[in-house]
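> One structure, pasted below without further comment.
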Amino acid sequence: FASYYGDHMVLQKEPAGAVVWGYGEPGAAVTVTLSRDGGLIVMKKMVQVKGPPGTWTTVLDPMDQGGPYTLTAGQGSENVTLQDIYFGDVWLCSGQSNMAMTVLQIANASRELVAAAHYPYVRIFAAAPARSDAELEDLERIDLPWSVPTAENLGHGNFTYFSAVCWLLGRYLYEALRYPVGLVEAAWGGTPIEAWSSRRALRVCGLPEDMGRGEGRTPLLHGACFNHARLAPEAPASGLARCFATPLSPALSSSISPHRHLSGPQTPSVLWNAMIHPLLNMTLRGVAWYQGEANAFLHTDRYNCTFPALIADWRQAFHAGSAGQTEPLLPFGFVQLSTYHRQSPDDSFARLRWHQTADLGVVPNARMPGTFMAVAMDLCDERSPYGRRVPAGGGEGAATKLSDTNPPSLLFLGSIHPRDKQNVAHRLHLGARAVAYGEKDLVFQGPYPTRAVLEVTRGLLNVTYSQELVCRRRDTQAFEVCCSSQPSPCAWLPAPVVAVESRTVMLAVAGCGTLVLGLRYAWAEWPCEYQSCALYNSQGLPAPPFL
């Protein structure tokens, strides 16, 4: 069997058929047998090994949820048997360090780790970080083979395994679905979307495929890069260190030339090649994605292309790789960026949040069908130990010494790793239930404006929303209007909230006169305090930012 099949795994249930593949002698016949635990044979498939490369592939008949089963692949007198297999829904979780943050690192970690024992049918698997200049057919290394969850494997170490967002999403889905869920983690901190994109997807957005190849490479460096505990002193210098060399000035970052060279795991397509391409034969139910912090400092204003292009490309590739078993419109959920620095004048996080929706503010939309989003801008965590200024030799927030060659100035990490992953996963699972599972009448996102009417005589702008509003804070800075006669550059002025009634917000815009060219909401790196943005719905979901 290929690397990511093993004891305790979950295979995708009906209506899809699970794809199974492995290795053998070219030309040989392989018999794949699925049996009940007692030995009763459920199905048999005969398949021939293609060679080279000496691989075989078969699609199992669609199976109802449940188990346990055993799966045997036999060639001649040799048999390999996998046990304790269940059928359910398989979700892939990918992204950078906020996806890689483990259950050990989050709020109420000890309680969450103890609770693992109650969820034996949520199975977990973690691919090891790896990169490659060419597309690989199988994973080079695995951090965690398919396992029943325990406190030890959910909290192995900081930024190792298992992903807290992935685990909690799977757990909440299991509580709603009541059948097995398989979770596959493939994440690497500090990595931009370009590294997770195929060359084909990069071409769609006009990005050169050779940005990381050739002389004069400049690694991207930013607080999002650092996965403290994985930068262990004993880690080989050959490239498993999670961050690379020289600092990048934020002043330059958002307008970086697309020809800038990147290296290590930030090189275009290297993570697609080594961590996603090998999984394409897997039949999936959905994808969860938490990435974007690195792109607040690299090709920020291309993300409105690179993200929809990645989604479309992954869907096409997983559909083709699974012989049509993974649905063409594979449900794709993502977390909108949380926060970093409290009083940053930079708006790159705000722009990136907007670009995460393909500049439409809310998903699913015409450019991003079949997607769902968890808003996280109100889940800030300034005291998170996983991101703050530390000396290069260690100290609070740094579990290990990074390297004597890294100047201390590199370690201003802000608070880019909030510990409240429960609300992130809760909001994400609501979107999954509505979009992936088609639950009717389930409110899965916050209120969004549908129209704005200017009352010139009263100096008011009345903004109508899609849902009943709950105003948690009468914020004078939350809304801003663009008043200048030339749209660029825009003079953004605060538009204080005068009143909130049912679905309408009244804003004071007297300073604008008769011309309001634009309106934006929560357009800041750190738009509000914890769970205290201005507007929510009655279910407690925040209104997303908009421009």
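Here, A, B, ... name the chains of the structure tokens in the order displayed, residue numbers run from 1 inside each chain, and ligands are numbered from 1 in the same displayed order.
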Would you give me, as a Markdown table, each residue of region 42-161 of chain A having an atom within 8 Å of an atom of region 15-24 of chain A, along with its shortest atom pair and that distance in Å to one decimal, using only C-alpha atoms and sorting by chain and residue number?

```
| residue | atom | partner | partner_atom | distance |
| --- | --- | --- | --- | --- |
| A:Val49 | CA | A:Gly24 | CA | 5.9 |
| A:Gly54 | CA | A:Gly24 | CA | 5.5 |
| A:Thr55 | CA | A:Tyr23 | CA | 4.4 |
| A:Trp56 | CA | A:Trp21 | CA | 5.5 |
| A:Thr57 | CA | A:Trp21 | CA | 4.2 |
| A:Thr58 | CA | A:Val20 | CA | 5.5 |
| A:Val59 | CA | A:Val19 | CA | 4.5 |
| A:Leu60 | CA | A:Gly17 | CA | 5.3 |
| A:Asp61 | CA | A:Gly17 | CA | 5.3 |
| A:Pro62 | CA | A:Gly17 | CA | 4.3 |
| A:Met63 | CA | A:Gly17 | CA | 7.1 |
| A:Gln75 | CA | A:Gly24 | CA | 7.5 |
```
> Would you pick out the contacts of Ala436 (chain A) at 8 Å or less, using only C-alpha atoms, so that residues sharing its chain but fewer than 3 positions from it are not included, and give the list as a PyMOL selection string?
chain A and resi 286+331+370+431-433
> Per DSSP on the backbone, what are the strand (DSSP E) residues of region 285-507 of chain A, as number ranges by chain?
A: 286-290, 332-335, 371-374, 449-455, 460-465, 470-471, 479-482, 492-494, 497-501, 504-507
> Go ahead and write the residues just picked, N, CA and C atoms, as a compact mmCIF listing (two decimals), in the first residue's frame.

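Output (again02.txt):
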```txt
# COMPACT_ATOMS: atom_id res chain seq x y z
N GLY A 286 -13.81 16.98 1.82
CA GLY A 286 -13.66 18.44 1.87
C GLY A 286 -12.25 18.82 2.27
N VAL A 287 -11.99 20.14 2.17
CA VAL A 287 -10.68 20.71 2.52
C VAL A 287 -10.90 21.85 3.50
N ALA A 288 -10.02 21.95 4.50
CA ALA A 288 -9.98 23.11 5.41
C ALA A 288 -8.61 23.76 5.26
N TRP A 289 -8.59 25.08 5.14
CA TRP A 289 -7.37 25.83 4.80
C TRP A 289 -7.22 27.00 5.76
N TYR A 290 -6.03 27.12 6.37
CA TYR A 290 -5.75 28.29 7.23
C TYR A 290 -4.36 28.77 6.83
N PHE A 332 -14.65 23.56 0.12
CA PHE A 332 -13.36 24.14 0.51
C PHE A 332 -13.63 25.23 1.54
N GLY A 333 -13.28 24.97 2.80
CA GLY A 333 -13.46 25.95 3.87
C GLY A 333 -12.14 26.59 4.24
N PHE A 334 -12.20 27.83 4.69
CA PHE A 334 -10.96 28.51 5.07
C PHE A 334 -11.22 29.48 6.21
N VAL A 335 -10.12 29.83 6.89
CA VAL A 335 -10.19 30.79 7.99
C VAL A 335 -9.69 32.13 7.48
N THR A 371 -17.48 27.28 -1.35
CA THR A 371 -16.54 27.60 -0.29
C THR A 371 -17.28 28.11 0.95
N PHE A 372 -16.60 28.09 2.08
CA PHE A 372 -17.15 28.68 3.31
C PHE A 372 -15.99 29.22 4.13
N MET A 373 -16.29 30.22 4.97
CA MET A 373 -15.24 30.99 5.64
C MET A 373 -15.58 31.18 7.12
N ALA A 374 -14.55 31.04 7.95
CA ALA A 374 -14.66 31.39 9.37
C ALA A 374 -13.98 32.73 9.58
N PRO A 449 -23.64 43.64 4.49
CA PRO A 449 -24.49 44.72 3.96
C PRO A 449 -25.06 44.39 2.59
N THR A 450 -26.32 44.78 2.38
CA THR A 450 -26.97 44.55 1.09
C THR A 450 -27.19 45.85 0.34
N ARG A 451 -27.29 46.99 1.06
CA ARG A 451 -27.39 48.27 0.37
C ARG A 451 -27.06 49.40 1.33
N ALA A 452 -26.75 50.56 0.74
CA ALA A 452 -26.45 51.76 1.53
C ALA A 452 -27.14 52.96 0.88
N VAL A 453 -27.84 53.74 1.68
CA VAL A 453 -28.58 54.90 1.17
C VAL A 453 -28.09 56.15 1.89
N LEU A 454 -27.72 57.18 1.13
CA LEU A 454 -27.21 58.43 1.70
C LEU A 454 -28.35 59.43 1.88
N GLU A 455 -28.51 59.87 3.13
CA GLU A 455 -29.46 60.97 3.42
C GLU A 455 -28.65 62.26 3.53
N LEU A 460 -26.44 61.49 6.96
CA LEU A 460 -26.44 60.10 7.42
C LEU A 460 -26.28 59.14 6.26
N LEU A 461 -25.62 58.04 6.52
CA LEU A 461 -25.55 56.93 5.57
C LEU A 461 -26.21 55.74 6.26
N ASN A 462 -27.29 55.24 5.66
CA ASN A 462 -28.03 54.11 6.24
C ASN A 462 -27.60 52.82 5.52
N VAL A 463 -26.98 51.92 6.28
CA VAL A 463 -26.47 50.67 5.70
C VAL A 463 -27.38 49.52 6.16
N THR A 464 -27.97 48.84 5.18
CA THR A 464 -28.88 47.73 5.48
C THR A 464 -28.13 46.41 5.39
N TYR A 465 -28.34 45.55 6.36
CA TYR A 465 -27.65 44.25 6.45
C TYR A 465 -28.59 43.09 6.13
N VAL A 470 -26.71 42.62 16.12
CA VAL A 470 -26.44 42.82 17.54
C VAL A 470 -25.21 43.71 17.61
N CYS A 471 -25.37 44.88 18.22
CA CYS A 471 -24.25 45.82 18.33
C CYS A 471 -23.54 45.58 19.66
N PHE A 479 -16.41 51.93 11.10
CA PHE A 479 -16.80 52.30 9.74
C PHE A 479 -16.01 53.52 9.30
N GLU A 480 -15.59 53.51 8.03
CA GLU A 480 -14.91 54.66 7.46
C GLU A 480 -15.48 54.93 6.08
N VAL A 481 -15.55 56.22 5.70
CA VAL A 481 -16.04 56.58 4.37
C VAL A 481 -14.93 57.28 3.60
N CYS A 482 -14.99 57.09 2.29
CA CYS A 482 -14.06 57.74 1.38
C CYS A 482 -14.75 58.98 0.83
N TRP A 492 -9.83 58.47 3.80
CA TRP A 492 -10.79 57.72 4.62
C TRP A 492 -11.00 58.44 5.94
N LEU A 493 -12.27 58.70 6.24
CA LEU A 493 -12.63 59.39 7.47
C LEU A 493 -13.53 58.50 8.31
N PRO A 494 -13.41 58.56 9.65
CA PRO A 494 -14.32 57.78 10.49
C PRO A 494 -15.78 58.18 10.26
N VAL A 497 -20.99 55.39 14.37
CA VAL A 497 -22.32 54.77 14.40
C VAL A 497 -23.24 55.66 15.22
N VAL A 498 -24.35 56.08 14.61
CA VAL A 498 -25.34 56.92 15.30
C VAL A 498 -26.39 56.03 15.96
N ALA A 499 -26.82 54.99 15.23
CA ALA A 499 -27.84 54.09 15.76
C ALA A 499 -27.77 52.76 15.04
N VAL A 500 -28.21 51.70 15.75
CA VAL A 500 -28.34 50.38 15.14
C VAL A 500 -29.77 49.92 15.39
N GLU A 501 -30.52 49.70 14.32
CA GLU A 501 -31.91 49.28 14.45
C GLU A 501 -32.15 48.04 13.61
N THR A 504 -30.38 47.67 10.27
CA THR A 504 -29.82 48.89 9.70
C THR A 504 -28.86 49.58 10.66
N VAL A 505 -27.75 50.04 10.10
CA VAL A 505 -26.79 50.86 10.85
C VAL A 505 -26.83 52.27 10.27
N MET A 506 -26.98 53.27 11.14
CA MET A 506 -26.97 54.67 10.70
C MET A 506 -25.61 55.26 11.04
N LEU A 507 -24.94 55.81 10.03
CA LEU A 507 -23.60 56.36 10.19
C LEU A 507 -23.61 57.87 9.95
```
> I'd like the neighbourhood of region 118-123 of chain A as a PyMOL selection string, where a residue qualifies if any of its atoms comes within 9 Å (using only C-alpha atoms), though same-chain residues fewer than 4 positions away should be ignored.
chain A and resi 8-10+86+114+146-150+167+170-171+174+179-184
> Do a neighbour search on region 416-419 of chain A at 7 Å with only C-alpha atoms, toss out local chain neighbours closer than 2 positions, and write the hits as an MDAnalysis selection string.
chainID A and resid 98 105:107 224 339:340 379:381 384 386:387 413:414 421
> If you measure from CA of Gln96 (chain A) to CA of Glu327 (chain A), what distance in Å do you get, rounded to one decimal?
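Calculated distance between CA of Gln96 (chain A) and CA of Glu327 (chain A) is 25.2 Å.
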> Return the single residue from A:Cys483, A:Ala317, A:Leu547, A:Cys512 that is closest to Leu360 (chain A), with distances computed using only C-alpha atoms.
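The shortest atom-to-atom distance to Leu360 (chain A) comes from A:Leu547.
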> So, counting only C-alpha atoms, which residue among A:Ala127, A:Ala296, A:Val32, A:Cys305 is closest to Tyr4 (chain A)?
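Counting only C-alpha atoms, the residue closest to Tyr4 (chain A) is A:Ala127.
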> What separation in Å, quoted to one decimal, exists between CA of Asp346 (chain A) and CA of Glu194 (chain A)?
22.3 Å
> Contacts of Glu112 (chain A) at 8 Å or less, counting only C-alpha atoms, minus same-chain residues fewer than 4 places along, as a ChimeraX atom specification?
/A:103,108,116
> Neighbours of Pro496 (chain A) within 8 Å (only C-alpha atoms; same-chain residues fewer than 4 positions away dropped), as a ChimeraX atom specification?
/A:475-479,507-509
> Take the residues from that selection and put them in a file with C-alpha atoms, as a PDB file, in the first residue's frame.

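Printed below is again-v2.pdb as written:
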```
ATOM      1  CA  ASP A 475     -17.290  51.944  17.716  1.00  0.00           C
ATOM      2  CA  THR A 476     -16.341  55.321  16.254  1.00  0.00           C
ATOM      3  CA  GLN A 477     -13.562  53.817  14.120  1.00  0.00           C
ATOM      4  CA  ALA A 478     -15.221  50.646  12.779  1.00  0.00           C
ATOM      5  CA  PHE A 479     -16.796  52.301   9.739  1.00  0.00           C
ATOM      6  CA  LEU A 507     -23.598  56.363  10.189  1.00  0.00           C
ATOM      7  CA  ALA A 508     -22.707  60.030  10.593  1.00  0.00           C
ATOM      8  CA  VAL A 509     -21.081  61.246   7.382  1.00  0.00           C
TER       9      VAL A 509
END
```
> One number please: CA of Pro369 (chain A) to CA of Ala350 (chain A), in Å, one decimal.
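CA of Pro369 (chain A) sits 22.2 Å away from CA of Ala350 (chain A).
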> Taking only C-alpha atoms into account, which of A:Pro489, A:Gly157, A:Gly66, A:Pro308 comes nearest Leu202 (chain A)?
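Distance minimum relative to Leu202 (chain A) lands on A:Pro308.
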> Please produce, as CSV, a per-residue contact table for region 150-203 of chain A versus region 266-282 of chain A (criterion: any atom at most 9 Å away, only C-alpha atoms considered), showing the nearest atom pair and its distance in Å to one decimal, sorted by chain then residue number.

```
residue,atom,partner,partner_atom,distance
A:Ala186,CA,A:Met275,CA,6.3
A:Ala187,CA,A:Met275,CA,8.4
A:Trp188,CA,A:Leu271,CA,8.6
A:Gly190,CA,A:Gln266,CA,7.7
A:Thr191,CA,A:Gln266,CA,5.3
A:Pro192,CA,A:Gln266,CA,6.1
A:Ile193,CA,A:Pro268,CA,8.2
A:Glu194,CA,A:Pro268,CA,4.8
A:Ala195,CA,A:Pro268,CA,4.1
A:Trp196,CA,A:Trp272,CA,4.5
A:Ser197,CA,A:Ser269,CA,5.2
A:Ser198,CA,A:Ser269,CA,5.1
A:Arg199,CA,A:Ser269,CA,6.2
A:Leu202,CA,A:Pro268,CA,8.3
```
> Store the residues of this selection in a file with C-alpha atoms, as a short mmCIF file (atom, residue, chain, number, x, y, z; two decimals), in the first residue's frame.

```cif
data_model
loop_
_atom_site.label_atom_id
_atom_site.label_comp_id
_atom_site.auth_asym_id
_atom_site.auth_seq_id
_atom_site.Cartn_x
_atom_site.Cartn_y
_atom_site.Cartn_z
CA ALA A 186 -0.47 18.69 5.59
CA ALA A 187 0.74 22.06 6.93
CA TRP A 188 3.99 24.02 7.24
CA GLY A 190 5.58 30.50 7.42
CA THR A 191 4.70 29.34 3.93
CA PRO A 192 3.07 31.49 1.23
CA ILE A 193 0.27 30.29 -1.03
CA GLU A 194 2.69 30.11 -3.95
CA ALA A 195 4.45 27.13 -2.31
CA TRP A 196 1.13 25.24 -2.13
CA SER A 197 0.17 26.09 -5.72
CA SER A 198 0.97 23.99 -8.78
CA ARG A 199 2.88 25.63 -11.61
CA LEU A 202 0.64 30.06 -10.77
#
```
> Env of region 422-425 of chain A: 7 Å cut, atoms = only C-alpha atoms, seq-sep filter 6 positions within chain, self excluded. Answer as a PyMOL selection string.
chain A and resi 165+168-169+374+376
